[in-house]
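Encoded as structure tokens, the structure appears first; notes follow it.
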Amino acid sequence: MSTRPLALSLLFLAACARPPAKPADGGTETIDVDLAGADLVDALRTIATSAQVSLFVDPDISGTVTLRAHATPWRDALATVARAHALRIQPLATPGTRRPSLWVTRLSSPPAPRTEFTGAPIELSFLDTPVRDAARALGDLAKTPISVDADVEASVTLRMRNIPWDLALYHLAQKYALHVVTEPAGLRLTR
């Protein structure tokens, strides 16, 4: 009796038992998710959390999704959801961060205002924070003045970890339907 088939079987089982390989970009190659009638934004965040990627989702995205993915490359799972819901997934260049970052919009919406962010990585949490206080905190970390137009009112709830400050600012603007304007004296948030 040959031991070769047994050795190959054990080698195969050992390979299957290994956790998913971590790619050079810091994410996880494959994910396991089982979603039935889940909120679309929650589903996108579940995929992102499982894949260890940062996701910035437009506030106008809504719907439900059903997805079963076992040992599926996370990019394939995300592409499947994007195709089914007419979404655009844009990779963002965020040097100095550990996780891949992606911007998600509807195909019918404008693309990300920028795809390259070079600000120093920051960590900030806002919970029902007035938008002016959030902009001031971001500006202090960025060492860049950030003003907010008088007609802009919002309570900001965001948690940002290890992302460039300029991406954090654009994400805040995206979430609250604002625009970032570059001026000689600094940056300004406007409607």
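Simple scheme: letters A, B, ... for chains in structure tokens order, numbers from 1 for residues in each chain, numbers from 1 for ligands in the order shown.
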
**For Gly37 (chain A): contacts at 10 Å, only C-alpha atoms, fewer than 5 positions along chain excluded, given as a list in words** =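 That gives Ala43, Gly63, Thr64, Val65, Thr66 and Leu67 of chain A.
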
Restricting it to C-alpha atoms, dump the selection as a compact mmCIF listing (two decimals), in the first residue's frame.
# COMPACT_ATOMS: atom_id res chain seq x y z
CA ALA A 43 -23.56 44.66 3.31
CA GLY A 63 -31.28 49.01 -1.26
CA THR A 64 -31.01 45.42 -0.12
CA VAL A 65 -28.70 42.62 -1.07
CA THR A 66 -28.51 38.86 -0.73
CA LEU A 67 -25.03 37.39 -1.05

**Prompt:** Quick one: DSSP strand (DSSP E) residues in region 51-191 of chain A, as a ChimeraX atom specification?
**Reply:** /A:54-57,64-73,87-92,101-106,121-130,146-148,155-164,179-183,186-190

**Message:** When you look at Leu44 (chain A) with a cut-off of 10 Å (counting only C-alpha atoms), what residues show up, excluding the ones that are within fewer than 6 positions of it in the same chain? I need them as a PyMOL selection string.
**Reply:** chain A and resi 38+50+55-57+65+77-78+81-82+104

**Request:** Name the residues in contact with Thr30 (chain A) at a cut-off of 6 Å, using only C-alpha atoms, excluding same-chain residues fewer than 3 positions from it; report them as a PyMOL selection string.
**Result:** chain A and resi 71-74

**Message:** From the options A:Leu127, A:Asp58, A:Lys143, A:Ile163, which residue's atoms come nearest to Pro111 (chain A), counting only C-alpha atoms?
**Reply:**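 Going through A:Leu127, A:Asp58, A:Lys143, A:Ile163 one by one, the smallest distance to Pro111 (chain A) is for A:Asp58.
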
**Residue among A:Glu123, A:Asp60, A:Asp140, A:Glu116 lying closest to Gln174 (chain A), counting only C-alpha atoms** =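 Among the listed residues, the smallest separation from Gln174 (chain A) belongs to A:Asp60.
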
Can you list, as an mmCIF file with C-alpha atoms, in the first residue's frame, every protein, DNA or RNA residue that comes within 9 Å of Thr144 (chain A) when you count only C-alpha atoms, leaving out same-chain residues fewer than 3 positions away?
data_model
loop_
_atom_site.group_PDB
_atom_site.id
_atom_site.type_symbol
_atom_site.label_atom_id
_atom_site.label_comp_id
_atom_site.auth_asym_id
_atom_site.auth_seq_id
_atom_site.Cartn_x
_atom_site.Cartn_y
_atom_site.Cartn_z
ATOM 1 C CA LEU A 138 -9.398 68.083 11.273
ATOM 2 C CA GLY A 139 -7.750 71.413 10.478
ATOM 3 C CA ASP A 140 -5.734 71.306 13.711
ATOM 4 C CA LEU A 141 -4.428 67.829 12.882
ATOM 5 C CA ALA A 185 -6.208 80.773 2.882
ATOM 6 C CA GLY A 186 -7.020 77.050 3.308
ATOM 7 C CA LEU A 187 -9.977 74.770 2.680
#

**Message:** I want to know what sits within 9 Å of Phe117 (chain A), based on only C-alpha atoms, with residues of the same chain fewer than 6 positions away left out; could you give that as JSON, numbers by chain?
**Reply:** {"A": [92, 93, 94, 95, 164, 165, 166, 167]}

**Asked** Could you pull the residues within 8 Å of region 149-154 of chain A, counting only C-alpha atoms, minus those fewer than 4 positions along the same chain, as a list of chain:residue names?
**Response** A:Pro130, A:Val131, A:Tyr176, A:Arg188, A:Leu189, A:Thr190, A:Arg191

Write out, as a PDB file, in the first residue's frame, the residues just selected, with N, CA and C atoms.
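Listed below is the output, part-v5.pdb:
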ATOM      1  N   PRO A 130     -20.853  69.110  16.171  1.00  0.00           N
ATOM      2  CA  PRO A 130     -21.160  70.155  15.197  1.00  0.00           C
ATOM      3  C   PRO A 130     -20.096  70.195  14.095  1.00  0.00           C
ATOM      4  N   VAL A 131     -20.529  70.408  12.865  1.00  0.00           N
ATOM      5  CA  VAL A 131     -19.630  70.336  11.715  1.00  0.00           C
ATOM      6  C   VAL A 131     -18.457  71.310  11.849  1.00  0.00           C
ATOM      7  N   TYR A 176     -22.063  64.149   4.255  1.00  0.00           N
ATOM      8  CA  TYR A 176     -23.021  65.198   4.588  1.00  0.00           C
ATOM      9  C   TYR A 176     -23.361  66.096   3.397  1.00  0.00           C
ATOM     10  N   ARG A 188     -12.377  75.027   2.488  1.00  0.00           N
ATOM     11  CA  ARG A 188     -13.705  75.456   2.936  1.00  0.00           C
ATOM     12  C   ARG A 188     -14.720  74.376   2.594  1.00  0.00           C
ATOM     13  N   LEU A 189     -15.616  74.092   3.549  1.00  0.00           N
ATOM     14  CA  LEU A 189     -16.729  73.177   3.314  1.00  0.00           C
ATOM     15  C   LEU A 189     -17.952  74.002   2.941  1.00  0.00           C
ATOM     16  N   THR A 190     -18.587  73.629   1.834  1.00  0.00           N
ATOM     17  CA  THR A 190     -19.745  74.377   1.333  1.00  0.00           C
ATOM     18  C   THR A 190     -20.796  73.404   0.818  1.00  0.00           C
ATOM     19  N   ARG A 191     -22.021  73.911   0.596  1.00  0.00           N
ATOM     20  CA  ARG A 191     -23.108  73.076   0.033  1.00  0.00           C
ATOM     21  C   ARG A 191     -22.935  72.948  -1.436  1.00  0.00           C
TER      22      ARG A 191
END

**Prompt:** Just how far from CA of Ala177 (chain A) is CA of Leu107 (chain A), in Å to one decimal?
**Reply:**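 Taking CA of Leu107 (chain A) and CA of Ala177 (chain A), their separation equals 17.0 Å.
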
**Complete:** CA of Leu87 (chain A) sits from CA of Leu172 (chain A) at a separation of 19.9 Å

**Request:** Name the residues of chain A that come out as helix (DSSP H, G or I) in a backbone DSSP run; write them as a PyMOL selection string.
**Result:** chain A and resi 4-17+40-51+74-84+131-142+165-175
